[in-house]
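Taking it in order: structure first as structure tokens, then the write-up.
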Amino acid sequence: MKPILKKTLTHCGIIFFFFLVAAVYMAPAFEGKVILQGDTLKWKAMAKEQHDFHDKTGEYTTWTSSMFSGMPSYQVTNPPYKSVFAKTNQVLNLNILNLSGDVGVIFLYLLGFYVALIAIGMSPWLSLLGALAFGLGSYNIIIIEAGHMTKAYCIAMIAPIVGSMLLILKQKKYIWGGLLFSVALGCQIAFNHIQITYYTMLIGLILGLVYLIYAIKDKEFKSLLLGVCVMVVGAGFAVGANARLLFVNQEYVKYTMRGGSEITVTPEDLYKDGEAKSIAASNGLDIDYAYAWSYGKGETYTLLVPGSYGGGSGETVGTDSEFYKNFRQKQAPLYWGDQPFTSGPVYFGAIVIFLFVLGLFVVKGPERWWILLATILAILMSWGKNLMGFNSFLFYHLPLYNKFRTPSMSLVMANVTMVLMAVLALKAIFDKENPVDRKRLNLGLYISTGVTAGLILLMMALSGSFSFSGAGDAQMAAQYGPQWDMIQDVLVKDRKALFMSDSWRSLILVLISAVFVWLYINQKIKQSGIIIGVLACLVLVDLWGVDRRYLNDTNFVSEKKAKIKPSQTDQILDQYAAQFKDEDYRVFDLSVNTFNDSYPSAFHHQIGGYNAAKLRRYQDLIDFYLSRHINPDVLNMLNARYVVMSGQNGQPMVQRNPDALGNAWFVDAYQLVDDANAEILALNNFNPADTAIIDKRFAEMVQGKNLERDSNSVIIMEHQKPYNPNYVVYKTKASKDQLAVFSEVYYAPDWRAYIDGKPAEHFRVNYILRAMVIPAGEHKIEFKDEAPLLHKLDKVSVIVSILFILAVAGSLVLYYRKEKKGTEK
């Protein structure tokens with residue numbers, strides 16, 4: 001058999017094996033079942049209004065009215081755009097085969113890491129081992145169970161991006177490296193989880209800096225510069241073809257919670273029972289909010305021993321557990337780490353950690369240093385508020401970092417780097433062309449075994465002094481009252497038992513792996529394939545066993561059960577609306593976690609909802625007037641026609657609010673205020689039916705005009721079927737000019753106003769709403785979400801995609817012509 005054919009068949013066989021691994025893990029998906037993913041269900045509720053409109057009309061919207069009184073939908077669901085990388089993703093995630101995305105993401109985890117290792121010169125079998133070690137890491141599986149699918153797909157592309165950089169900088173294969181870099185980065189951006197792309201950039205910067213130092217030392221700066229130029233061009237294609245996705249979100253983020261706030265007052269400034277204080281204006285998230293999910297320093301031990309901190313907040317326990325014996329329940333709150341709660345631990349695998357430490361002794365050159373530095377940075381960043389000096393500096397000084405939250409997510413960097421170092425360690429041991437001295441290998445093996453196995457033994461010895469109680473216990477203590485002491489005793493016993501059993505598990509895996517590596521180093525076993533096969537089986541058994549604790553067949557349900565259905569509250573609301581002939585109203589639902597629950601948004605327009613990138617001004621409104629103290633005037637101006645509360649036995653109780661101001665109204669007067677501070681404070685004491693609060697930045701819209709209300713004036717919203725979030729229309733009639741306030745959220749970048757088909761000015765009032773001066777007479781008022789930047793950038797994405805395809809074709813022609821000339825010589 002020809003070498004090329006043999007190599008091709010080997011690659012195809014391994015890729016098919018990856019598909020089998022994904023298919024076996026997700027076997028119920030082939031029976032038509034789906035994972036009951038919490039975040040996916042939340043997203044479906046958020047996006048239902050848009051999906052329903054598309055199903056009925058074939059059109060897409062860029063606005064949703066279903067939550068927070070209306071907001072851009074860029075971080076909910078986007079209209080599709082024509083990008084070569086968006087199309088490529090449909091192949092990579094197996095959507096082209098109409099397979100479940102859950103199957104596709106595991107397949108892509110494995111394929112991505114395999115391609116990265118092959119690109120940097122690893123053998124197919126060693127690359128197979130590395131792919132299994134990365135793809136089945138617990139965090140990668142747990143986020144599938146949670147429904148963080150865009151994050152998962154982006155994580156799958158980190159290794160190919162890093163591999164392409166090494167292909168360019170180390171192996172100086174500029175054409176293939178540049179193509180892989182463009183495709184991997186372009187696909188990652190198209191999968192759309194910017195925080196993961198940010199972490200990828202940090203890895204790339206560290207890698208580049210280390211290679212810069214080596215290039216200066218070895219006097220190879222020109223080749224480094226050429227490699228950097230190749231990556232700049234590749235990044236240009238990746239960014240350009242995804243221009244719409246990136247730059248529309250860049251525009252939007254300025255107006256969201258992640259863009260900071262211009263106000264310097266706090267809700268305490270409104271109330272006598274609070275001490276007034278001022279805060280600095282910011283350009284990012286609040287650090288306490290951003291750092292809520294910070295990995296504990298000691299919790300980092302879960303990378304080596306999965307159950308050392310109790311596993312998950314709803315850890316599955318056996319019938320022999322103390323919790324089951326006492327309470328007959330198979331899920332227990334065993335997690336005792338620093339985070340508010342978690343689905344499960346971040347576990348890279350005991351074998352990976354052992355080989356990573358070994359790699360620090362046997363891997364030479366820049367790889368040792370950039371991998372070590374990136375791993376340390378990832379772990380330090382994951383600690384968040386638990387290492388405040390370091391991480392507060394990053395939060396306030398590292399560009400764009402204050403736009404993100406959940407520091408524990410930075411461990412995705414360490415997952416890539418530690419598995420990569422583990423594979424490089426094995427490559428160094430197996431390398432016969434550039435062998436490492438046997439004494440050095442043995443010394444590294446003894447030290448790495450001593451460090452990992454010794455750490456496990458030490459922690460087991462010290463476990464008697466551990467409290468086995470964590471941050472979540474205080475909340476449970478308040479919930480269970482006098483019974484808590486007994487419950488905690490039960491939990492502590494199970495936490496200790498899990499700690500010890502998983503410690504023994506990891507210790508045995510480390511020792512078995514060390515023995516087989518020692519047998520090869522000392523030539524007791526001379527075939528590297530045997531060692532790779534044994535380690536691959538151990539890694540597969542290890543990670544598969546931990547993963548199945550958090551995602552297994554019990555997580556699957558029929559598609560029918562996974563569908564969002566109207567709740568009892570929704571049915572009652574519909575009955576009331578039919579009785580009172582109410583249309584186009586909003587609901588203030590206090591029977592749920594009002595501003596952290598998206599489910600009510602599925603069937604009714606809500607004052608609340610859930611979105612991690614809601615508009616900053618709306619969040620201010622929540623903080624000042626809709627949470628601690630509920631201001632009825634603010635609710636009225638938001639058209640909160642119905643209020644839902646929990647009645648007896650938790651049953652919903654619906655009340656109709658007769659004072660809700662409806663969709664639009666004319667006012668008698670306006671009050672000009674100096675700035676955003678004065679604007680939001682003024683809402684505490686005004687009648688929105690009579691007066692509009694206007695920031696002086698919009699003073700020219702109303703000054704010098706007679707806007708006294710005509711008592712016979714009329715403004716009516718036309719009800720649409722089907723409802724179109726991108727379009728609102730009103731009919732007005734008045735004998736003189738009127739100042740109209742619309743119960744619609746003001747978002748200047750996208751919305752345009754028209755009077756009788758001609759462009760008209762509209763402006764912001766009451767901190768968050770729209771307003772317009774409407775001339776006398778009868779008129780048709782239209783608001784259209786035209787999203788001009790989005791449509792302009794659609795053209796850019798198409799043009800750059802075409803240029804990229806031409807560049808790929810040209811590069812391949814150039815490469816094969818060069819190869820042909822080399823063969824002829």
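Residue numbering restarts at 1 in every chain; chains get A, B, ... in the order shown in the structure tokens, and ligands count up from 1 in that same order.
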Test item: residues at most 9 Å from Ile572 in chain A, only C-alpha atoms, excluding those fewer than 6 positions along its chain, as a ChimeraX atom specification: /A:652-654
Please, which residues of range 282-454 of chain A, numbered as in this document, come out helix (DSSP H, G or I) from DSSP, as a PyMOL selection string? chain A and resi 287-290+298-303+306-309+322-327+350-362+366-382+384-397+401-403+407-430+438-454
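Residues in contact range of Ala678 in chain A, defined as at most 12 Å between only C-alpha atoms, with sequence neighbours fewer than 4 positions away removed, read Glu262, Ile263, Thr264, Val265, Thr266, Asp269, Leu270, Gln671, Leu672, Val673, Asp674, Ala682, Leu683, Asn684, Asn685, Ile693, Ile694, Asp695, Lys696, Asn766 and Tyr767 of chain A.
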How would the residues just chosen look if you wrote them out with C-alpha atoms as a PDB file, in the first residue's frame?
ATOM      1  CA  GLU A 262     -22.831  56.900  32.794  1.00  0.00           C
ATOM      2  CA  ILE A 263     -24.705  57.465  36.052  1.00  0.00           C
ATOM      3  CA  THR A 264     -22.829  58.063  39.298  1.00  0.00           C
ATOM      4  CA  VAL A 265     -25.809  57.936  41.667  1.00  0.00           C
ATOM      5  CA  THR A 266     -27.205  54.843  43.368  1.00  0.00           C
ATOM      6  CA  ASP A 269     -29.952  58.366  46.847  1.00  0.00           C
ATOM      7  CA  LEU A 270     -33.725  57.932  46.568  1.00  0.00           C
ATOM      8  CA  GLN A 671     -39.170  68.713  32.337  1.00  0.00           C
ATOM      9  CA  LEU A 672     -35.603  69.299  31.109  1.00  0.00           C
ATOM     10  CA  VAL A 673     -32.835  67.835  33.288  1.00  0.00           C
ATOM     11  CA  ASP A 674     -29.076  68.257  33.146  1.00  0.00           C
ATOM     12  CA  ALA A 682     -36.530  62.545  38.390  1.00  0.00           C
ATOM     13  CA  LEU A 683     -38.540  59.380  37.736  1.00  0.00           C
ATOM     14  CA  ASN A 684     -39.036  59.006  41.481  1.00  0.00           C
ATOM     15  CA  ASN A 685     -41.527  61.843  41.670  1.00  0.00           C
ATOM     16  CA  ILE A 693     -38.535  63.862  31.624  1.00  0.00           C
ATOM     17  CA  ILE A 694     -36.067  64.968  28.924  1.00  0.00           C
ATOM     18  CA  ASP A 695     -32.267  65.092  29.064  1.00  0.00           C
ATOM     19  CA  LYS A 696     -31.067  68.518  27.886  1.00  0.00           C
ATOM     20  CA  ASN A 766     -38.169  59.119  30.862  1.00  0.00           C
ATOM     21  CA  TYR A 767     -34.646  57.646  30.811  1.00  0.00           C
TER      22      TYR A 767
END
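Interatomic distance, CA of Asn639 in chain A against CA of Ser711 in chain A: 21.1 Å.
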Pairwise distance for CA of Ser528 in chain A and CA of Ala428 in chain A, rounded to one decimal in Å: 11.6 Å
If DSSP is run on the backbone, what residues of range 352-597 of chain A are strand (DSSP E)? A reply as a PyMOL selection string would be ideal. chain A and resi 556-558+586-589
I'd like the contact shell of Ser743 in chain A - 9 Å cut-off, only C-alpha atoms, skipping same-chain residues fewer than 3 positions apart - returned as a PyMOL selection string. chain A and resi 69+637-639+661-665+769-771
Could you save the residues just selected, with all heavy atoms, as a PDB file, in the first residue's frame?
ATOM      1  N   SER A  69     -39.155  44.896  28.196  1.00  0.00           N
ATOM      2  CA  SER A  69     -39.931  45.904  27.461  1.00  0.00           C
ATOM      3  C   SER A  69     -39.416  46.126  26.042  1.00  0.00           C
ATOM      4  O   SER A  69     -39.818  47.091  25.385  1.00  0.00           O
ATOM      5  CB  SER A  69     -39.939  47.244  28.222  1.00  0.00           C
ATOM      6  OG  SER A  69     -40.439  47.060  29.531  1.00  0.00           O
ATOM      7  N   MET A 637     -45.756  53.536  33.016  1.00  0.00           N
ATOM      8  CA  MET A 637     -45.199  54.040  31.752  1.00  0.00           C
ATOM      9  C   MET A 637     -44.628  52.901  30.902  1.00  0.00           C
ATOM     10  O   MET A 637     -44.472  53.046  29.684  1.00  0.00           O
ATOM     11  CB  MET A 637     -44.122  55.096  32.024  1.00  0.00           C
ATOM     12  CG  MET A 637     -42.770  54.563  32.441  1.00  0.00           C
ATOM     13  SD  MET A 637     -41.548  55.876  32.634  1.00  0.00           S
ATOM     14  CE  MET A 637     -40.027  54.908  32.721  1.00  0.00           C
ATOM     15  N   LEU A 638     -44.342  51.752  31.530  1.00  0.00           N
ATOM     16  CA  LEU A 638     -43.873  50.582  30.792  1.00  0.00           C
ATOM     17  C   LEU A 638     -45.038  49.709  30.313  1.00  0.00           C
ATOM     18  O   LEU A 638     -44.822  48.629  29.787  1.00  0.00           O
ATOM     19  CB  LEU A 638     -42.935  49.749  31.663  1.00  0.00           C
ATOM     20  CG  LEU A 638     -41.600  50.407  32.039  1.00  0.00           C
ATOM     21  CD1 LEU A 638     -40.798  49.496  32.978  1.00  0.00           C
ATOM     22  CD2 LEU A 638     -40.779  50.736  30.797  1.00  0.00           C
ATOM     23  N   ASN A 639     -46.259  50.196  30.516  1.00  0.00           N
ATOM     24  CA  ASN A 639     -47.462  49.491  30.058  1.00  0.00           C
ATOM     25  C   ASN A 639     -47.590  48.112  30.707  1.00  0.00           C
ATOM     26  O   ASN A 639     -47.909  47.121  30.048  1.00  0.00           O
ATOM     27  CB  ASN A 639     -47.473  49.364  28.525  1.00  0.00           C
ATOM     28  CG  ASN A 639     -48.822  48.921  27.991  1.00  0.00           C
ATOM     29  OD1 ASN A 639     -49.854  49.080  28.649  1.00  0.00           O
ATOM     30  ND2 ASN A 639     -48.819  48.345  26.793  1.00  0.00           N
ATOM     31  N   LEU A 661     -50.457  52.871  31.167  1.00  0.00           N
ATOM     32  CA  LEU A 661     -50.700  53.977  30.239  1.00  0.00           C
ATOM     33  C   LEU A 661     -50.869  53.540  28.793  1.00  0.00           C
ATOM     34  O   LEU A 661     -51.085  54.375  27.916  1.00  0.00           O
ATOM     35  CB  LEU A 661     -49.554  54.988  30.345  1.00  0.00           C
ATOM     36  CG  LEU A 661     -49.472  55.720  31.684  1.00  0.00           C
ATOM     37  CD1 LEU A 661     -48.258  56.612  31.749  1.00  0.00           C
ATOM     38  CD2 LEU A 661     -50.730  56.538  31.913  1.00  0.00           C
ATOM     39  N   GLY A 662     -50.739  52.245  28.540  1.00  0.00           N
ATOM     40  CA  GLY A 662     -50.937  51.788  27.176  1.00  0.00           C
ATOM     41  C   GLY A 662     -49.677  51.932  26.345  1.00  0.00           C
ATOM     42  O   GLY A 662     -48.575  52.142  26.854  1.00  0.00           O
ATOM     43  N   ASN A 663     -49.849  51.849  25.035  1.00  0.00           N
ATOM     44  CA  ASN A 663     -48.705  51.833  24.132  1.00  0.00           C
ATOM     45  C   ASN A 663     -48.161  53.225  23.825  1.00  0.00           C
ATOM     46  O   ASN A 663     -46.982  53.376  23.506  1.00  0.00           O
ATOM     47  CB  ASN A 663     -49.093  51.155  22.814  1.00  0.00           C
ATOM     48  CG  ASN A 663     -49.665  49.762  23.048  1.00  0.00           C
ATOM     49  OD1 ASN A 663     -50.865  49.550  22.929  1.00  0.00           O
ATOM     50  ND2 ASN A 663     -48.807  48.820  23.412  1.00  0.00           N
ATOM     51  N   ALA A 664     -49.002  54.237  23.906  1.00  0.00           N
ATOM     52  CA  ALA A 664     -48.564  55.610  23.636  1.00  0.00           C
ATOM     53  C   ALA A 664     -49.582  56.591  24.190  1.00  0.00           C
ATOM     54  O   ALA A 664     -50.769  56.255  24.341  1.00  0.00           O
ATOM     55  CB  ALA A 664     -48.383  55.821  22.137  1.00  0.00           C
ATOM     56  N   TRP A 665     -49.118  57.816  24.482  1.00  0.00           N
ATOM     57  CA  TRP A 665     -50.001  58.842  25.014  1.00  0.00           C
ATOM     58  C   TRP A 665     -49.373  60.214  24.786  1.00  0.00           C
ATOM     59  O   TRP A 665     -48.149  60.333  24.592  1.00  0.00           O
ATOM     60  CB  TRP A 665     -50.272  58.613  26.508  1.00  0.00           C
ATOM     61  CG  TRP A 665     -49.030  58.622  27.371  1.00  0.00           C
ATOM     62  CD1 TRP A 665     -48.491  59.670  28.054  1.00  0.00           C
ATOM     63  CD2 TRP A 665     -48.158  57.500  27.609  1.00  0.00           C
ATOM     64  NE1 TRP A 665     -47.363  59.300  28.719  1.00  0.00           N
ATOM     65  CE2 TRP A 665     -47.124  57.969  28.474  1.00  0.00           C
ATOM     66  CE3 TRP A 665     -48.140  56.171  27.202  1.00  0.00           C
ATOM     67  CZ2 TRP A 665     -46.099  57.145  28.914  1.00  0.00           C
ATOM     68  CZ3 TRP A 665     -47.123  55.345  27.639  1.00  0.00           C
ATOM     69  CH2 TRP A 665     -46.116  55.836  28.485  1.00  0.00           C
ATOM     70  N   LEU A 769     -37.587  55.564  27.370  1.00  0.00           N
ATOM     71  CA  LEU A 769     -38.642  55.459  26.354  1.00  0.00           C
ATOM     72  C   LEU A 769     -38.399  56.375  25.155  1.00  0.00           C
ATOM     73  O   LEU A 769     -37.518  57.229  25.168  1.00  0.00           O
ATOM     74  CB  LEU A 769     -40.000  55.762  26.976  1.00  0.00           C
ATOM     75  CG  LEU A 769     -40.442  54.857  28.123  1.00  0.00           C
ATOM     76  CD1 LEU A 769     -41.831  55.260  28.607  1.00  0.00           C
ATOM     77  CD2 LEU A 769     -40.415  53.392  27.714  1.00  0.00           C
ATOM     78  N   ARG A 770     -39.224  56.186  24.121  1.00  0.00           N
ATOM     79  CA  ARG A 770     -39.163  57.011  22.922  1.00  0.00           C
ATOM     80  C   ARG A 770     -40.209  58.130  23.003  1.00  0.00           C
ATOM     81  O   ARG A 770     -41.247  57.986  23.645  1.00  0.00           O
ATOM     82  CB  ARG A 770     -39.452  56.178  21.665  1.00  0.00           C
ATOM     83  CG  ARG A 770     -38.548  55.006  21.459  1.00  0.00           C
ATOM     84  CD  ARG A 770     -39.002  54.186  20.252  1.00  0.00           C
ATOM     85  NE  ARG A 770     -38.500  52.812  20.353  1.00  0.00           N
ATOM     86  CZ  ARG A 770     -38.912  51.819  19.605  1.00  0.00           C
ATOM     87  NH1 ARG A 770     -39.854  52.030  18.702  1.00  0.00           N
ATOM     88  NH2 ARG A 770     -38.404  50.601  19.767  1.00  0.00           N
ATOM     89  N   ALA A 771     -39.906  59.208  22.300  1.00  0.00           N
ATOM     90  CA  ALA A 771     -40.871  60.313  22.210  1.00  0.00           C
ATOM     91  C   ALA A 771     -40.736  60.971  20.842  1.00  0.00           C
ATOM     92  O   ALA A 771     -39.728  60.805  20.153  1.00  0.00           O
ATOM     93  CB  ALA A 771     -40.637  61.324  23.319  1.00  0.00           C
TER      94      ALA A 771
END
As a PyMOL selection string, please: the residues near Val76 in chain A (cut-off 9 Å, only C-alpha atoms, same-chain neighbours under 2 positions excluded). chain A and resi 43+46-47+64+72-74+78+611
If you take only C-alpha atoms and a cut-off of 10 Å, which residues of range 736-759 of chain A touch range 244-253 of chain A, and what are their nearest atom pairs and distances in Å to one decimal, in chain and number order, as a Markdown table?
| residue | atom | partner | partner_atom | distance |
| --- | --- | --- | --- | --- |
| A:Tyr747 | CA | A:Tyr252 | CA | 9.5 |
| A:Pro749 | CA | A:Glu251 | CA | 8.2 |
| A:Asp750 | CA | A:Tyr252 | CA | 9.8 |
Applying 12 Å and only C-alpha atoms, which residues near Asp431 in chain A remain after dropping the ones on its own chain fewer than 6 positions away? List them as a PyMOL selection string. chain A and resi 121-123+126+362-363+423-425+437-438+441+520-521+527-528
For the residues in that selection, give me all heavy atoms as a compact mmCIF listing (two decimals), in the first residue's frame.
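After the write, part_8.txt holds the following:
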# COMPACT_ATOMS: atom_id res chain seq x y z
N GLY A 121 2.98 18.02 13.80
CA GLY A 121 3.91 16.93 13.57
C GLY A 121 3.75 15.71 14.45
O GLY A 121 4.64 14.84 14.47
N MET A 122 2.64 15.59 15.16
CA MET A 122 2.42 14.40 15.98
C MET A 122 1.98 13.23 15.10
O MET A 122 1.37 13.41 14.05
CB MET A 122 1.34 14.67 17.03
CG MET A 122 1.68 15.76 18.01
SD MET A 122 3.00 15.28 19.13
CE MET A 122 3.14 16.78 20.12
N SER A 123 2.23 12.03 15.57
CA SER A 123 1.75 10.84 14.86
C SER A 123 0.24 10.74 15.02
O SER A 123 -0.34 11.28 15.98
CB SER A 123 2.40 9.59 15.44
OG SER A 123 1.86 9.29 16.72
N LEU A 126 -0.72 9.23 18.52
CA LEU A 126 -0.50 10.15 19.63
C LEU A 126 -1.52 11.29 19.57
O LEU A 126 -2.01 11.76 20.61
CB LEU A 126 0.93 10.71 19.57
CG LEU A 126 1.55 11.24 20.87
CD1 LEU A 126 1.39 10.24 22.01
CD2 LEU A 126 3.01 11.58 20.64
N VAL A 362 10.82 17.24 30.48
CA VAL A 362 11.37 16.59 29.29
C VAL A 362 11.12 17.36 28.00
O VAL A 362 11.78 17.08 26.99
CB VAL A 362 10.83 15.15 29.14
CG1 VAL A 362 11.15 14.33 30.37
CG2 VAL A 362 9.32 15.14 28.88
N VAL A 363 10.19 18.31 27.99
CA VAL A 363 9.93 19.11 26.79
C VAL A 363 10.88 20.29 26.77
O VAL A 363 11.02 21.01 27.76
CB VAL A 363 8.47 19.58 26.75
CG1 VAL A 363 8.23 20.52 25.57
CG2 VAL A 363 7.52 18.39 26.67
N VAL A 423 0.87 15.58 25.69
CA VAL A 423 1.18 14.90 24.44
C VAL A 423 2.62 15.19 24.02
O VAL A 423 3.33 14.29 23.54
CB VAL A 423 0.19 15.32 23.34
CG1 VAL A 423 0.55 14.65 22.02
CG2 VAL A 423 -1.24 14.96 23.74
N LEU A 424 3.08 16.42 24.21
CA LEU A 424 4.47 16.75 23.88
C LEU A 424 5.45 15.96 24.75
O LEU A 424 6.54 15.58 24.29
CB LEU A 424 4.71 18.25 24.07
CG LEU A 424 4.07 19.17 23.01
CD1 LEU A 424 4.20 20.63 23.43
CD2 LEU A 424 4.73 18.96 21.65
N ALA A 425 5.06 15.71 26.00
CA ALA A 425 5.91 14.91 26.88
C ALA A 425 6.07 13.50 26.33
O ALA A 425 7.18 12.95 26.29
CB ALA A 425 5.31 14.87 28.29
N ASP A 437 18.02 12.07 26.98
CA ASP A 437 18.85 11.18 27.80
C ASP A 437 17.96 10.38 28.78
O ASP A 437 17.07 10.93 29.42
CB ASP A 437 19.86 12.02 28.60
CG ASP A 437 20.75 11.15 29.47
OD1 ASP A 437 21.60 10.44 28.94
OD2 ASP A 437 20.51 11.20 30.71
N ARG A 438 18.24 9.05 28.86
CA ARG A 438 17.40 8.19 29.69
C ARG A 438 17.43 8.60 31.16
O ARG A 438 16.40 8.51 31.86
CB ARG A 438 17.85 6.73 29.55
CG ARG A 438 16.87 5.76 30.23
CD ARG A 438 17.37 4.32 30.17
NE ARG A 438 17.52 3.89 28.78
CZ ARG A 438 18.00 2.69 28.45
NH1 ARG A 438 18.38 1.84 29.39
NH2 ARG A 438 18.12 2.36 27.17
N LEU A 441 15.07 11.39 31.55
CA LEU A 441 13.69 10.90 31.47
C LEU A 441 13.26 10.25 32.77
O LEU A 441 12.16 10.48 33.27
CB LEU A 441 13.55 9.91 30.31
CG LEU A 441 13.62 10.47 28.89
CD1 LEU A 441 13.53 9.35 27.87
CD2 LEU A 441 12.50 11.48 28.64
N TYR A 520 8.60 1.70 29.27
CA TYR A 520 9.09 2.09 27.95
C TYR A 520 10.46 2.77 28.05
O TYR A 520 11.36 2.46 27.27
CB TYR A 520 8.10 3.03 27.26
CG TYR A 520 8.57 3.42 25.88
CD1 TYR A 520 8.31 2.59 24.79
CD2 TYR A 520 9.30 4.60 25.67
CE1 TYR A 520 8.77 2.92 23.52
CE2 TYR A 520 9.76 4.93 24.41
CZ TYR A 520 9.49 4.09 23.34
OH TYR A 520 9.97 4.41 22.08
N ILE A 521 10.59 3.71 28.97
CA ILE A 521 11.86 4.43 29.11
C ILE A 521 13.01 3.46 29.34
O ILE A 521 14.11 3.62 28.78
CB ILE A 521 11.76 5.46 30.26
CG1 ILE A 521 10.82 6.60 29.90
CG2 ILE A 521 13.15 6.01 30.62
CD1 ILE A 521 10.54 7.56 31.02
N GLN A 527 7.78 -1.07 22.15
CA GLN A 527 6.86 -0.52 21.16
C GLN A 527 6.07 0.64 21.78
O GLN A 527 5.30 0.45 22.73
CB GLN A 527 5.87 -1.60 20.67
CG GLN A 527 6.51 -2.70 19.85
CD GLN A 527 7.20 -3.75 20.71
OE1 GLN A 527 6.89 -3.89 21.90
NE2 GLN A 527 8.15 -4.46 20.13
N SER A 528 6.27 1.83 21.22
CA SER A 528 5.54 3.00 21.73
C SER A 528 4.04 2.84 21.53
O SER A 528 3.24 3.38 22.31
CB SER A 528 6.02 4.27 21.04
OG SER A 528 5.79 4.20 19.64
Need the shell around Met476 in chain A: protein/DNA/RNA residues with any atom at most 10 Å away, counting only C-alpha atoms. Skip same-chain ones fewer than 5 positions apart. Format as a CSV table (one decimal) with C-alpha atoms, in the first residue's frame?
chain,number,residue,atom,x,y,z
A,333,PRO,CA,-25.9,19.2,47.2
A,471,ALA,CA,-20.3,29.0,50.4
A,481,GLY,CA,-33.5,26.1,59.8
A,484,TRP,CA,-29.7,22.0,59.0
A,487,ILE,CA,-28.5,17.6,57.1
A,488,GLN,CA,-25.0,19.0,57.1
Could you list, with a cut-off of 8 Å and counting only C-alpha atoms, the residues of range 388-479 of chain A near range 494-500 of chain A, each shown with its nearest atom pair and the distance in Å rounded to one decimal, rows sorted by chain and ascending number, as a Markdown table?
| residue | atom | partner | partner_atom | distance |
| --- | --- | --- | --- | --- |
| A:Met460 | CA | A:Met500 | CA | 6.7 |
| A:Ser463 | CA | A:Lys496 | CA | 7.9 |
| A:Phe468 | CA | A:Arg495 | CA | 6.6 |
Restricting the output to C-alpha atoms, write the selected residues as a PDB file, in the first residue's frame.
ATOM      1  CA  MET A 460      -5.761  12.466  51.801  1.00  0.00           C
ATOM      2  CA  SER A 463      -8.471  15.652  54.790  1.00  0.00           C
ATOM      3  CA  PHE A 468     -16.147  19.990  53.973  1.00  0.00           C
TER       4      PHE A 468
END
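Across A:Ser506, A:Ser410, A:Asn706, A:Ser801, the tightest approach to Tyr81 in chain A is made by A:Ser801 when counting only C-alpha atoms.
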Between A:Asn636, A:Gly609, A:Leu615, A:Lys172, which has the minimum distance to Leu590 in chain A (counting only C-alpha atoms)? A:Gly609
Go through A:Gly284, A:Gly112, A:Pro80, A:Gly359 and flag the residue nearest Leu132 in chain A, using only C-alpha atoms for the distances.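 Ranking A:Gly284, A:Gly112, A:Pro80, A:Gly359 by distance to Leu132 in chain A, first place goes to A:Gly112.
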Give me the residues of range 177-216 of chain A that have any atom at most 8 Å from an atom of range 144-163 of chain A; for each, the nearest atom pair and the distance in Å, rounded to one decimal. Use only C-alpha atoms, sort by chain and number, and format it as a Markdown table.
| residue | atom | partner | partner_atom | distance |
| --- | --- | --- | --- | --- |
| A:Leu180 | CA | A:Pro160 | CA | 7.3 |
| A:Phe181 | CA | A:Ile161 | CA | 5.4 |
| A:Ala184 | CA | A:Ile161 | CA | 5.5 |
| A:Leu185 | CA | A:Ile161 | CA | 6.1 |
| A:Cys187 | CA | A:Met157 | CA | 7.5 |
| A:Gln188 | CA | A:Cys154 | CA | 5.0 |
| A:Ile189 | CA | A:Cys154 | CA | 7.6 |
| A:Phe191 | CA | A:Thr150 | CA | 5.7 |
| A:Asn192 | CA | A:Thr150 | CA | 6.2 |
| A:His193 | CA | A:Lys151 | CA | 5.5 |
| A:Ile196 | CA | A:Cys154 | CA | 6.3 |
| A:Thr197 | CA | A:Cys154 | CA | 7.2 |
| A:Thr200 | CA | A:Ile158 | CA | 6.0 |
| A:Ile203 | CA | A:Val162 | CA | 7.8 |
| A:Gly204 | CA | A:Val162 | CA | 6.8 |
